[in-house]
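Novice: This is the structure I want to talk about, given as structure tokens.
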Amino acid sequence: MTIVAVDVEPKIRSLVDDVIAMTERGLVTLERARLVTRDHDADALNDIGQNGDGAKLTIYVGRQERVNGKPAPYGVCDLLHRHGFAGATVLLGVDGTAHGERRRARFFGRNVNIPLMIIAIATTTQVSAAATELAAPPAQPIADHRTGTDMQTRR
């Protein structure tokens, strides 16, 4: 099971001790992220991680959203492949927020707008190029970029 929470640093840091206390076994990580959307310029990613380290790109998108004319997971993965990413992990969500609206899966239902999370790792140049393309219209996934050097592992 994977549980992901994305928010501003003070809010996440205030939860860390409670989360660790609830976690009997497993891995808890804290990662710094930079939000990239149409309104937040993806070109700003070019100034980080230029030391050759890898970077992680995480995309949150609804199941039935389309990217480059395809269902989002296929469109995003095709885009990542074009940018030279070696692979990606697609995780189906059961509860989450996308574009400011909370979406919860139902046992009997199509669950069309429940968020998916797509995670891929590549060079910062590849991540920046992919994030820039994903942030451009008509695609509307929510992407965040995390440099490998910023990751802190706890527990």
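In the structure tokens, the first chain shown is A, the next is B, and so on; residue numbers restart at 1 for each chain, and ligands run from 1 in the order shown.
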May I have the residues within 10 Å of Leu116 (chain A) as a PDB file with C-alpha atoms, in the first residue's frame, using only C-alpha atoms and disregarding those fewer than 6 positions away in the same chain?

Specialist:
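Here's the written file part29.pdb:
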ATOM      1  CA  ILE A  59       1.964  13.318 -12.410  1.00  0.00           C
ATOM      2  CA  TYR A  60      -1.526  13.275 -10.881  1.00  0.00           C
ATOM      3  CA  VAL A  61      -4.332  12.968 -13.414  1.00  0.00           C
ATOM      4  CA  GLY A  62      -7.932  11.683 -13.547  1.00  0.00           C
ATOM      5  CA  ARG A  63      -8.521   8.200 -15.008  1.00  0.00           C
ATOM      6  CA  GLN A  64     -10.626   9.433 -17.888  1.00  0.00           C
ATOM      7  CA  GLU A  65      -8.627  12.548 -18.711  1.00  0.00           C
ATOM      8  CA  ALA A  72      -4.040   9.851 -19.621  1.00  0.00           C
ATOM      9  CA  PRO A  73      -1.890   6.904 -18.459  1.00  0.00           C
ATOM     10  CA  VAL A  90       1.187   4.047 -12.819  1.00  0.00           C
ATOM     11  CA  LEU A  91      -0.712   3.765  -9.530  1.00  0.00           C
ATOM     12  CA  LEU A  92      -4.495   3.789  -9.466  1.00  0.00           C
ATOM     13  CA  GLY A  93      -5.893   5.917  -6.669  1.00  0.00           C
ATOM     14  CA  VAL A  94      -8.968   5.255  -4.551  1.00  0.00           C
ATOM     15  CA  ASP A  95      -9.284   8.697  -2.971  1.00  0.00           C
ATOM     16  CA  GLY A  96      -7.658  11.977  -3.806  1.00  0.00           C
ATOM     17  CA  ALA A  98      -7.346  16.636  -8.570  1.00  0.00           C
ATOM     18  CA  PRO A 141      -2.205  16.903 -15.394  1.00  0.00           C
TER      19      PRO A 141
END

Novice: Using only C-alpha atoms, can you tell me which of A:Ile3, A:Val8, A:Leu134, A:Ala122 comes closest to Gly75 (chain A)?

Specialist: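 Ranking A:Ile3, A:Val8, A:Leu134, A:Ala122 by distance to Gly75 (chain A), first place goes to A:Leu134.
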
Novice: Which value, in Å to one decimal, gives the distance between CA of Leu30 (chain A) and CA of Asp53 (chain A)?

Specialist: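 Going from CA of Leu30 (chain A) over to CA of Asp53 (chain A) covers 17.9 Å.
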
Novice: Which value, in Å to one decimal, gives the distance between CA of Tyr74 (chain A) and CA of Ala120 (chain A)?

Specialist: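 Distance between the two atoms: 13.5 Å.
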
Novice: Give me every helix (DSSP H, G or I) residue in region 9-43 of chain A, going by DSSP on the backbone, as a ChimeraX atom specification.

Specialist: /A:9-22,42-43

Novice: Export, as a short mmCIF file (atom, residue, chain, number, x, y, z; two decimals), in the first residue's frame, the selected residues with C-alpha atoms.

Specialist:
data_model
loop_
_atom_site.label_atom_id
_atom_site.label_comp_id
_atom_site.auth_asym_id
_atom_site.auth_seq_id
_atom_site.Cartn_x
_atom_site.Cartn_y
_atom_site.Cartn_z
CA GLU A 9 5.96 22.03 4.01
CA PRO A 10 4.66 23.30 7.39
CA LYS A 11 1.49 21.23 7.08
CA ILE A 12 3.37 18.04 6.11
CA ARG A 13 6.05 18.52 8.79
CA SER A 14 3.34 18.89 11.45
CA LEU A 15 2.10 15.38 10.55
CA VAL A 16 5.44 13.55 10.41
CA ASP A 17 5.61 12.44 14.06
CA ASP A 18 1.99 11.18 13.99
CA VAL A 19 2.59 9.27 10.75
CA ILE A 20 5.76 7.65 12.09
CA ALA A 21 3.96 6.69 15.31
CA MET A 22 1.21 4.98 13.25
CA ALA A 42 7.82 24.58 -16.10
CA ASP A 43 10.88 26.42 -17.45
#

Novice: Select from region 89-144 of chain A everything DSSP, run on the backbone, classes as strand (DSSP E or B), then give the selection as a PDB file with C-alpha atoms, in the first residue's frame.

Specialist:
ATOM      1  CA  THR A  89       4.935   3.423 -12.607  1.00  0.00           C
ATOM      2  CA  VAL A  90       1.187   4.047 -12.819  1.00  0.00           C
ATOM      3  CA  LEU A  91      -0.712   3.765  -9.530  1.00  0.00           C
ATOM      4  CA  LEU A  92      -4.495   3.789  -9.466  1.00  0.00           C
ATOM      5  CA  ASP A  95      -9.284   8.697  -2.971  1.00  0.00           C
ATOM      6  CA  GLY A  96      -7.658  11.977  -3.806  1.00  0.00           C
ATOM      7  CA  THR A  97      -7.862  15.535  -4.981  1.00  0.00           C
ATOM      8  CA  ALA A  98      -7.346  16.636  -8.570  1.00  0.00           C
ATOM      9  CA  GLU A 101     -11.803  18.718  -6.129  1.00  0.00           C
ATOM     10  CA  ARG A 102     -11.844  15.653  -3.903  1.00  0.00           C
ATOM     11  CA  ARG A 103     -12.665  12.417  -5.690  1.00  0.00           C
ATOM     12  CA  ARG A 104     -13.482   9.169  -3.888  1.00  0.00           C
ATOM     13  CA  PRO A 115      -6.742  10.434  -9.637  1.00  0.00           C
ATOM     14  CA  LEU A 116      -3.954   8.278 -11.014  1.00  0.00           C
ATOM     15  CA  MET A 117      -0.371   8.851  -9.962  1.00  0.00           C
ATOM     16  CA  ILE A 118       2.340   8.327 -12.561  1.00  0.00           C
ATOM     17  CA  ILE A 119       5.941   8.300 -11.306  1.00  0.00           C
ATOM     18  CA  ALA A 120       9.022   8.343 -13.527  1.00  0.00           C
ATOM     19  CA  ILE A 121      12.715   9.039 -13.006  1.00  0.00           C
ATOM     20  CA  ALA A 122      15.120  10.499 -15.550  1.00  0.00           C
ATOM     21  CA  THR A 123      17.695  13.276 -15.898  1.00  0.00           C
ATOM     22  CA  ILE A 142      -0.837  18.086 -12.106  1.00  0.00           C
ATOM     23  CA  ALA A 143       2.896  17.442 -12.148  1.00  0.00           C
ATOM     24  CA  ASP A 144       5.536  17.900  -9.527  1.00  0.00           C
TER      25      ASP A 144
END

Novice: What does the distance between CA of Lys56 (chain A) and CA of Ala130 (chain A) come to in Å, to one decimal place?

Specialist: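 Separating CA of Lys56 (chain A) from CA of Ala130 (chain A) is a distance of 11.2 Å.
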